[in-house]
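These notes are about the structure you will find just below.
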Protein chains: 2
Amino acid sequence: MVQKKDVGRKRQAVEESRSAKVRSIGVIRSVLKTRAESPKQGFEGAPDAWLEVSQFAAQGLDGLAVGDEIIVLTWLHRARRAVLKVHPRSDPKAPLTGVFATRSPDRPNPVGLHRVRVLSIARRRLRVGPIEAIDGTPVIDIKPVLNAVNDF
Amino acid sequence: MVQKKDVGRKRQAVEESRSAKVRSIGVIRSVLKTRAESPKQGFEGAPDAWLEVSQFAAQGLDGLAVGDEIIVLTWLHRARRAVLKVHPRSDPKAPLTGVFATRSPDRPNPVGLHRVRVLSIARRRLRVGPIEAIDGTPVIDIKPVLNAVNDF
């Protein structure tokens, strides 16, 4: 017998898939507080940070271990989504370029892509780095780096 | 003088950032029609496919060239978003593992990550591959692969 609760959950899942609304699964806790003080990429001197995973998503972490390389996807909530062309590296002398040919955070869907190492795990909190995402940045996904040619 | 149109656009951009709703910027056109016939990763025998960029986002492509390596982010619209644990590689003998320690499409935010090469460009259509995303999969972002240690 199918329970009411399951039907509700299933309907919710279907609706979420259709609406394509991103749901935060965690948040970055960092000493970086503003875009201005943040390096453009993690390998450009960014600090380590905490990735706090929400209670509802915590069991999704099972199997991750200290030392793993992971890909953290964030939602760059301060980005400007109407922008389609930028001066690369914020250099006004660089010719205007389509955002899909740059790593600018300003773009229609401001998803940040961060390849980091897991430095420690304290229940739902992962110490990761180096990462340029600022404090309060929503995390939307975590994926392991695969051991294969041309993986991320 | 600020024009009404600009104010409207700005308001729309602010609202979109808050709501964190993903907006498709294009679509995959592939010979792969179902999840069942799709390999799990692009490097596991996937075909090339067309990435058709929407009119509104087309100028975001300026600067991309044939031969470039890019990262395509998709929204895996057939995924089940309520799933937090899976049997890796769909192998029932593999122990249940948190989705964040796997590359399962089933996860709270089903963002697909595909590193591919640009094989040809015909206006708003990019031939890319190899890519395991099925026909009709929405594309949400395109990023260049950077030439740096530990980039994607």
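Every chain in the structure tokens takes a letter, A first, then B, and so on in the order presented; its residues are numbered from 1, and the ligands are numbered from 1 following the presented order.
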
For chain B against chain A, which residues fall within 6 Å using only C-alpha atoms, given as an mmCIF file with N, CA, C and O atoms, in the first residue's frame?
```cif
data_model
loop_
_atom_site.group_PDB
_atom_site.id
_atom_site.type_symbol
_atom_site.label_atom_id
_atom_site.label_comp_id
_atom_site.auth_asym_id
_atom_site.auth_seq_id
_atom_site.Cartn_x
_atom_site.Cartn_y
_atom_site.Cartn_z
ATOM 1 N N ALA B 13 16.567 40.425 -13.030
ATOM 2 C CA ALA B 13 17.836 39.780 -12.694
ATOM 3 C C ALA B 13 17.940 39.556 -11.187
ATOM 4 O O ALA B 13 18.362 38.499 -10.728
ATOM 5 N N ALA B 20 16.879 31.516 -7.438
ATOM 6 C CA ALA B 20 17.777 30.423 -7.802
ATOM 7 C C ALA B 20 17.070 29.415 -8.682
ATOM 8 O O ALA B 20 17.087 28.217 -8.439
ATOM 9 N N LYS B 21 16.427 29.945 -9.699
ATOM 10 C CA LYS B 21 15.763 29.088 -10.665
ATOM 11 C C LYS B 21 16.683 28.960 -11.873
ATOM 12 O O LYS B 21 17.159 29.964 -12.409
ATOM 13 N N VAL B 22 16.919 27.741 -12.287
ATOM 14 C CA VAL B 22 17.797 27.512 -13.416
ATOM 15 C C VAL B 22 17.070 27.832 -14.713
ATOM 16 O O VAL B 22 15.912 27.461 -14.887
ATOM 17 N N GLN B 59 25.023 35.432 -27.941
ATOM 18 C CA GLN B 59 26.227 36.268 -27.910
ATOM 19 C C GLN B 59 27.199 35.851 -26.800
ATOM 20 O O GLN B 59 28.361 36.251 -26.814
ATOM 21 N N GLY B 60 26.737 35.029 -25.885
ATOM 22 C CA GLY B 60 27.643 34.496 -24.857
ATOM 23 C C GLY B 60 28.678 33.544 -25.415
ATOM 24 O O GLY B 60 29.637 33.186 -24.733
ATOM 25 N N LEU B 61 28.503 33.115 -26.682
ATOM 26 C CA LEU B 61 29.443 32.179 -27.317
ATOM 27 C C LEU B 61 30.673 32.884 -27.907
ATOM 28 O O LEU B 61 31.659 32.209 -28.238
ATOM 29 N N ASP B 62 30.593 34.211 -28.079
ATOM 30 C CA ASP B 62 31.683 34.931 -28.748
ATOM 31 C C ASP B 62 33.021 34.680 -28.064
ATOM 32 O O ASP B 62 33.180 34.970 -26.870
ATOM 33 N N GLY B 63 33.966 34.147 -28.814
ATOM 34 C CA GLY B 63 35.288 33.855 -28.247
ATOM 35 C C GLY B 63 35.559 32.364 -28.202
ATOM 36 O O GLY B 63 36.710 31.952 -28.071
ATOM 37 N N LEU B 64 34.524 31.544 -28.303
ATOM 38 C CA LEU B 64 34.732 30.096 -28.369
ATOM 39 C C LEU B 64 35.175 29.710 -29.780
ATOM 40 O O LEU B 64 34.684 30.275 -30.765
ATOM 41 N N ARG B 81 15.285 13.537 -7.810
ATOM 42 C CA ARG B 81 15.937 14.505 -6.925
ATOM 43 C C ARG B 81 15.815 14.169 -5.448
ATOM 44 O O ARG B 81 16.472 14.795 -4.616
ATOM 45 N N LEU B 84 19.209 10.131 -2.050
ATOM 46 C CA LEU B 84 20.444 10.527 -1.367
ATOM 47 C C LEU B 84 21.459 9.390 -1.290
ATOM 48 O O LEU B 84 22.626 9.622 -0.978
ATOM 49 N N THR B 97 25.707 3.949 -1.193
ATOM 50 C CA THR B 97 26.688 5.019 -1.018
ATOM 51 C C THR B 97 25.993 6.366 -1.187
ATOM 52 O O THR B 97 25.054 6.501 -1.976
ATOM 53 N N GLY B 98 26.447 7.358 -0.446
ATOM 54 C CA GLY B 98 25.883 8.704 -0.583
ATOM 55 C C GLY B 98 26.092 9.239 -1.990
ATOM 56 O O GLY B 98 27.150 9.029 -2.586
ATOM 57 N N VAL B 99 25.073 9.915 -2.521
ATOM 58 C CA VAL B 99 25.168 10.379 -3.912
ATOM 59 C C VAL B 99 26.337 11.347 -4.127
ATOM 60 O O VAL B 99 26.884 11.423 -5.224
ATOM 61 N N PHE B 100 26.762 12.055 -3.076
ATOM 62 C CA PHE B 100 27.862 13.013 -3.249
ATOM 63 C C PHE B 100 29.223 12.306 -3.365
ATOM 64 O O PHE B 100 30.229 12.943 -3.684
ATOM 65 N N ALA B 101 29.247 11.003 -3.098
ATOM 66 C CA ALA B 101 30.464 10.213 -3.304
ATOM 67 C C ALA B 101 30.369 9.419 -4.605
ATOM 68 O O ALA B 101 31.203 8.551 -4.868
ATOM 69 N N ILE B 142 28.173 26.844 -20.031
ATOM 70 C CA ILE B 142 29.357 26.412 -20.768
ATOM 71 C C ILE B 142 30.520 27.203 -20.191
ATOM 72 O O ILE B 142 30.412 28.419 -20.006
ATOM 73 N N LYS B 143 31.621 26.499 -19.898
ATOM 74 C CA LYS B 143 32.813 27.176 -19.373
ATOM 75 C C LYS B 143 34.032 26.657 -20.117
ATOM 76 O O LYS B 143 34.095 25.473 -20.443
ATOM 77 N N PRO B 144 35.035 27.523 -20.353
ATOM 78 C CA PRO B 144 36.273 27.016 -20.947
ATOM 79 C C PRO B 144 37.081 26.245 -19.912
ATOM 80 O O PRO B 144 37.025 26.549 -18.719
ATOM 81 N N PHE B 152 39.874 21.941 -14.532
ATOM 82 C CA PHE B 152 38.957 20.859 -14.876
ATOM 83 C C PHE B 152 39.182 20.332 -16.268
ATOM 84 O O PHE B 152 38.969 20.960 -17.218
#
```

Which neighbours of Ser30 (chain A) fall inside 12 Å, counting only C-alpha atoms, when residues of the same chain fewer than 4 positions from it are skipped, and could you give them as an mmCIF file with N, CA, C and O atoms, in the first residue's frame?
```cif
data_model
loop_
_atom_site.group_PDB
_atom_site.id
_atom_site.type_symbol
_atom_site.label_atom_id
_atom_site.label_comp_id
_atom_site.auth_asym_id
_atom_site.auth_seq_id
_atom_site.Cartn_x
_atom_site.Cartn_y
_atom_site.Cartn_z
ATOM 1 N N THR A 34 33.810 39.096 0.705
ATOM 2 C CA THR A 34 33.325 39.859 -0.452
ATOM 3 C C THR A 34 33.970 39.359 -1.735
ATOM 4 O O THR A 34 35.067 38.790 -1.715
ATOM 5 N N ARG A 35 33.282 39.591 -2.865
ATOM 6 C CA ARG A 35 33.847 39.241 -4.169
ATOM 7 C C ARG A 35 35.162 39.970 -4.393
ATOM 8 O O ARG A 35 36.090 39.420 -4.985
ATOM 9 N N GLU A 37 37.614 40.755 -2.444
ATOM 10 C CA GLU A 37 38.816 40.208 -1.805
ATOM 11 C C GLU A 37 39.083 38.760 -2.228
ATOM 12 O O GLU A 37 40.069 38.147 -1.793
ATOM 13 N N SER A 38 38.215 38.220 -3.063
ATOM 14 C CA SER A 38 38.329 36.810 -3.448
ATOM 15 C C SER A 38 39.174 36.659 -4.704
ATOM 16 O O SER A 38 38.978 37.383 -5.675
ATOM 17 N N ALA A 46 43.690 31.117 -2.944
ATOM 18 C CA ALA A 46 42.475 31.070 -2.123
ATOM 19 C C ALA A 46 42.737 30.279 -0.835
ATOM 20 O O ALA A 46 43.606 29.406 -0.791
ATOM 21 N N PRO A 47 41.963 30.565 0.194
ATOM 22 C CA PRO A 47 42.110 29.841 1.465
ATOM 23 C C PRO A 47 41.320 28.524 1.454
ATOM 24 O O PRO A 47 40.575 28.247 0.528
ATOM 25 N N ASP A 48 41.493 27.741 2.518
ATOM 26 C CA ASP A 48 40.594 26.618 2.756
ATOM 27 C C ASP A 48 39.321 27.171 3.412
ATOM 28 O O ASP A 48 39.300 28.290 3.914
ATOM 29 N N ALA A 49 38.278 26.381 3.388
ATOM 30 C CA ALA A 49 37.004 26.840 3.950
ATOM 31 C C ALA A 49 36.230 25.628 4.473
ATOM 32 O O ALA A 49 36.580 24.480 4.192
ATOM 33 N N TRP A 50 35.172 25.898 5.221
ATOM 34 C CA TRP A 50 34.264 24.832 5.642
ATOM 35 C C TRP A 50 33.092 24.748 4.678
ATOM 36 O O TRP A 50 32.567 25.773 4.244
ATOM 37 N N LEU A 51 32.721 23.534 4.383
ATOM 38 C CA LEU A 51 31.509 23.287 3.601
ATOM 39 C C LEU A 51 30.535 22.607 4.561
ATOM 40 O O LEU A 51 30.735 21.462 4.965
ATOM 41 N N GLU A 52 29.512 23.353 4.964
ATOM 42 C CA GLU A 52 28.524 22.822 5.911
ATOM 43 C C GLU A 52 27.339 22.261 5.139
ATOM 44 O O GLU A 52 26.615 23.011 4.480
ATOM 45 N N ARG A 127 36.105 20.172 5.690
ATOM 46 C CA ARG A 127 37.119 21.200 5.459
ATOM 47 C C ARG A 127 37.668 20.954 4.062
ATOM 48 O O ARG A 127 38.146 19.844 3.762
ATOM 49 N N VAL A 128 37.563 21.952 3.185
ATOM 50 C CA VAL A 128 37.977 21.785 1.788
ATOM 51 C C VAL A 128 38.816 22.967 1.328
ATOM 52 O O VAL A 128 38.741 24.057 1.901
ATOM 53 N N GLY A 129 39.610 22.741 0.292
ATOM 54 C CA GLY A 129 40.354 23.866 -0.241
ATOM 55 C C GLY A 129 41.383 23.437 -1.258
ATOM 56 O O GLY A 129 41.558 22.246 -1.494
ATOM 57 N N PRO A 130 42.049 24.449 -1.875
ATOM 58 C CA PRO A 130 41.712 25.874 -1.722
ATOM 59 C C PRO A 130 40.467 26.221 -2.526
ATOM 60 O O PRO A 130 40.224 25.633 -3.560
ATOM 61 N N ILE A 131 39.698 27.208 -2.023
ATOM 62 C CA ILE A 131 38.425 27.544 -2.677
ATOM 63 C C ILE A 131 38.158 29.048 -2.567
ATOM 64 O O ILE A 131 38.298 29.630 -1.484
ATOM 65 N N GLU A 132 37.783 29.635 -3.702
ATOM 66 C CA GLU A 132 37.621 31.086 -3.779
ATOM 67 C C GLU A 132 36.200 31.562 -3.500
ATOM 68 O O GLU A 132 35.933 32.774 -3.510
ATOM 69 N N ALA A 133 35.277 30.628 -3.239
ATOM 70 C CA ALA A 133 33.886 31.030 -2.966
ATOM 71 C C ALA A 133 33.817 31.800 -1.648
ATOM 72 O O ALA A 133 34.495 31.455 -0.678
ATOM 73 N N ILE A 134 32.968 32.842 -1.630
ATOM 74 C CA ILE A 134 32.902 33.680 -0.435
ATOM 75 C C ILE A 134 31.936 33.099 0.606
ATOM 76 O O ILE A 134 31.106 32.245 0.307
ATOM 77 N N ASP A 135 32.098 33.594 1.825
ATOM 78 C CA ASP A 135 31.266 33.169 2.944
ATOM 79 C C ASP A 135 29.781 33.316 2.607
ATOM 80 O O ASP A 135 29.353 34.346 2.087
ATOM 81 N N GLY A 136 29.018 32.279 2.874
ATOM 82 C CA GLY A 136 27.580 32.331 2.624
ATOM 83 C C GLY A 136 27.160 31.819 1.256
ATOM 84 O O GLY A 136 25.963 31.755 0.968
ATOM 85 N N THR A 137 28.122 31.451 0.419
ATOM 86 C CA THR A 137 27.778 30.952 -0.917
ATOM 87 C C THR A 137 27.053 29.616 -0.806
ATOM 88 O O THR A 137 27.554 28.674 -0.184
ATOM 89 N N PRO A 138 25.874 29.492 -1.409
ATOM 90 C CA PRO A 138 25.159 28.210 -1.370
ATOM 91 C C PRO A 138 25.897 27.134 -2.173
ATOM 92 O O PRO A 138 26.427 27.403 -3.246
#
```

Which of region 27-56 of chain A counts as helix (DSSP H, G or I) under DSSP, as an MDAnalysis selection string please?
-> chainID A and resid 35:37 55:56

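We find CA of Gly112 (chain A) and CA of Ile121 (chain B) to be spaced 25.4 Å apart.
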
Secondary structure check, strand (DSSP E or B) residues of region 48-123 of chain A, as an NGL selection string | :A and (49-53 or 69-75 or 85-86 or 97-98 or 111-122)

Hey, can you spit out that residue selection with N, CA, C and O atoms as an mmCIF file, in the first residue's frame?
```cif
data_model
loop_
_atom_site.group_PDB
_atom_site.id
_atom_site.type_symbol
_atom_site.label_atom_id
_atom_site.label_comp_id
_atom_site.auth_asym_id
_atom_site.auth_seq_id
_atom_site.Cartn_x
_atom_site.Cartn_y
_atom_site.Cartn_z
ATOM 1 N N ALA A 49 38.278 26.381 3.388
ATOM 2 C CA ALA A 49 37.004 26.840 3.950
ATOM 3 C C ALA A 49 36.230 25.628 4.473
ATOM 4 O O ALA A 49 36.580 24.480 4.192
ATOM 5 N N TRP A 50 35.172 25.898 5.221
ATOM 6 C CA TRP A 50 34.264 24.832 5.642
ATOM 7 C C TRP A 50 33.092 24.748 4.678
ATOM 8 O O TRP A 50 32.567 25.773 4.244
ATOM 9 N N LEU A 51 32.721 23.534 4.383
ATOM 10 C CA LEU A 51 31.509 23.287 3.601
ATOM 11 C C LEU A 51 30.535 22.607 4.561
ATOM 12 O O LEU A 51 30.735 21.462 4.965
ATOM 13 N N GLU A 52 29.512 23.353 4.964
ATOM 14 C CA GLU A 52 28.524 22.822 5.911
ATOM 15 C C GLU A 52 27.339 22.261 5.139
ATOM 16 O O GLU A 52 26.615 23.011 4.480
ATOM 17 N N VAL A 53 27.146 20.969 5.257
ATOM 18 C CA VAL A 53 26.055 20.323 4.525
ATOM 19 C C VAL A 53 24.777 20.361 5.371
ATOM 20 O O VAL A 53 24.811 20.143 6.589
ATOM 21 N N GLU A 69 39.606 13.909 -3.685
ATOM 22 C CA GLU A 69 39.435 15.102 -4.502
ATOM 23 C C GLU A 69 37.978 15.155 -4.934
ATOM 24 O O GLU A 69 37.431 14.162 -5.426
ATOM 25 N N ILE A 70 37.361 16.309 -4.751
ATOM 26 C CA ILE A 70 35.948 16.454 -5.105
ATOM 27 C C ILE A 70 35.734 17.719 -5.933
ATOM 28 O O ILE A 70 36.563 18.623 -5.950
ATOM 29 N N ILE A 71 34.596 17.727 -6.611
ATOM 30 C CA ILE A 71 34.163 18.908 -7.350
ATOM 31 C C ILE A 71 32.974 19.478 -6.595
ATOM 32 O O ILE A 71 31.972 18.794 -6.379
ATOM 33 N N VAL A 72 33.121 20.713 -6.137
ATOM 34 C CA VAL A 72 32.026 21.392 -5.444
ATOM 35 C C VAL A 72 31.371 22.349 -6.431
ATOM 36 O O VAL A 72 32.053 23.143 -7.083
ATOM 37 N N LEU A 73 30.059 22.231 -6.565
ATOM 38 C CA LEU A 73 29.306 23.173 -7.392
ATOM 39 C C LEU A 73 28.596 24.145 -6.453
ATOM 40 O O LEU A 73 27.926 23.723 -5.502
ATOM 41 N N THR A 74 28.760 25.431 -6.719
ATOM 42 C CA THR A 74 28.116 26.443 -5.888
ATOM 43 C C THR A 74 27.158 27.267 -6.739
ATOM 44 O O THR A 74 27.199 27.220 -7.970
ATOM 45 N N TRP A 75 26.313 28.022 -6.062
ATOM 46 C CA TRP A 75 25.437 28.980 -6.739
ATOM 47 C C TRP A 75 25.952 30.362 -6.357
ATOM 48 O O TRP A 75 25.837 30.768 -5.198
ATOM 49 N N LYS A 85 28.268 39.314 -21.983
ATOM 50 C CA LYS A 85 29.631 39.632 -22.415
ATOM 51 C C LYS A 85 30.371 40.355 -21.301
ATOM 52 O O LYS A 85 29.779 41.185 -20.605
ATOM 53 N N VAL A 86 31.636 40.034 -21.166
ATOM 54 C CA VAL A 86 32.454 40.651 -20.112
ATOM 55 C C VAL A 86 33.853 40.943 -20.654
ATOM 56 O O VAL A 86 34.269 40.388 -21.671
ATOM 57 N N THR A 97 34.064 39.714 -24.375
ATOM 58 C CA THR A 97 34.044 38.295 -24.750
ATOM 59 C C THR A 97 32.772 37.661 -24.198
ATOM 60 O O THR A 97 32.288 38.045 -23.131
ATOM 61 N N GLY A 98 32.231 36.701 -24.930
ATOM 62 C CA GLY A 98 31.050 35.991 -24.447
ATOM 63 C C GLY A 98 31.343 35.277 -23.132
ATOM 64 O O GLY A 98 32.418 34.711 -22.958
ATOM 65 N N VAL A 111 26.706 29.133 -11.866
ATOM 66 C CA VAL A 111 27.186 27.945 -11.153
ATOM 67 C C VAL A 111 28.705 28.023 -11.043
ATOM 68 O O VAL A 111 29.394 28.168 -12.043
ATOM 69 N N GLY A 112 29.202 27.954 -9.825
ATOM 70 C CA GLY A 112 30.647 27.942 -9.586
ATOM 71 C C GLY A 112 31.146 26.510 -9.548
ATOM 72 O O GLY A 112 30.472 25.618 -9.027
ATOM 73 N N LEU A 113 32.341 26.314 -10.116
ATOM 74 C CA LEU A 113 32.918 24.969 -10.255
ATOM 75 C C LEU A 113 34.256 24.995 -9.534
ATOM 76 O O LEU A 113 35.146 25.750 -9.909
ATOM 77 N N HIS A 114 34.398 24.170 -8.491
ATOM 78 C CA HIS A 114 35.591 24.233 -7.656
ATOM 79 C C HIS A 114 36.131 22.834 -7.424
ATOM 80 O O HIS A 114 35.455 22.003 -6.810
ATOM 81 N N ARG A 115 37.336 22.586 -7.906
ATOM 82 C CA ARG A 115 37.977 21.297 -7.638
ATOM 83 C C ARG A 115 38.837 21.456 -6.391
ATOM 84 O O ARG A 115 39.765 22.256 -6.373
ATOM 85 N N VAL A 116 38.508 20.709 -5.348
ATOM 86 C CA VAL A 116 39.185 20.876 -4.051
ATOM 87 C C VAL A 116 39.493 19.512 -3.439
ATOM 88 O O VAL A 116 39.013 18.475 -3.907
ATOM 89 N N ARG A 117 40.291 19.541 -2.368
ATOM 90 C CA ARG A 117 40.575 18.314 -1.638
ATOM 91 C C ARG A 117 39.837 18.347 -0.294
ATOM 92 O O ARG A 117 39.672 19.408 0.303
ATOM 93 N N VAL A 118 39.384 17.190 0.152
ATOM 94 C CA VAL A 118 38.761 17.084 1.476
ATOM 95 C C VAL A 118 39.880 16.968 2.499
ATOM 96 O O VAL A 118 40.645 15.998 2.490
ATOM 97 N N LEU A 119 39.986 17.950 3.391
ATOM 98 C CA LEU A 119 41.098 18.013 4.359
ATOM 99 C C LEU A 119 40.720 17.402 5.698
ATOM 100 O O LEU A 119 41.563 16.832 6.388
ATOM 101 N N SER A 120 39.461 17.538 6.069
ATOM 102 C CA SER A 120 38.971 16.862 7.279
ATOM 103 C C SER A 120 37.452 16.804 7.215
ATOM 104 O O SER A 120 36.823 17.525 6.437
ATOM 105 N N ILE A 121 36.887 15.914 8.018
ATOM 106 C CA ILE A 121 35.429 15.747 8.050
ATOM 107 C C ILE A 121 34.993 15.721 9.503
ATOM 108 O O ILE A 121 35.521 14.948 10.298
ATOM 109 N N ALA A 122 34.051 16.595 9.855
ATOM 110 C CA ALA A 122 33.492 16.617 11.203
ATOM 111 C C ALA A 122 31.975 16.538 11.065
ATOM 112 O O ALA A 122 31.311 17.549 10.884
#
```

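For the pair CA of Glu44 (chain B) and CA of Arg125 (chain B), the separation is 24.0 Å.
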
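Atom pair CA of Arg29 (chain A) / CA of Asp91 (chain A): separated by 28.6 Å.
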
Of the candidates B:Ser54, B:Lys40, B:Arg89, B:Gly45, which shows the shortest atom-to-atom distance to Ile28 (chain B), using only C-alpha atoms?
-> B:Ser54
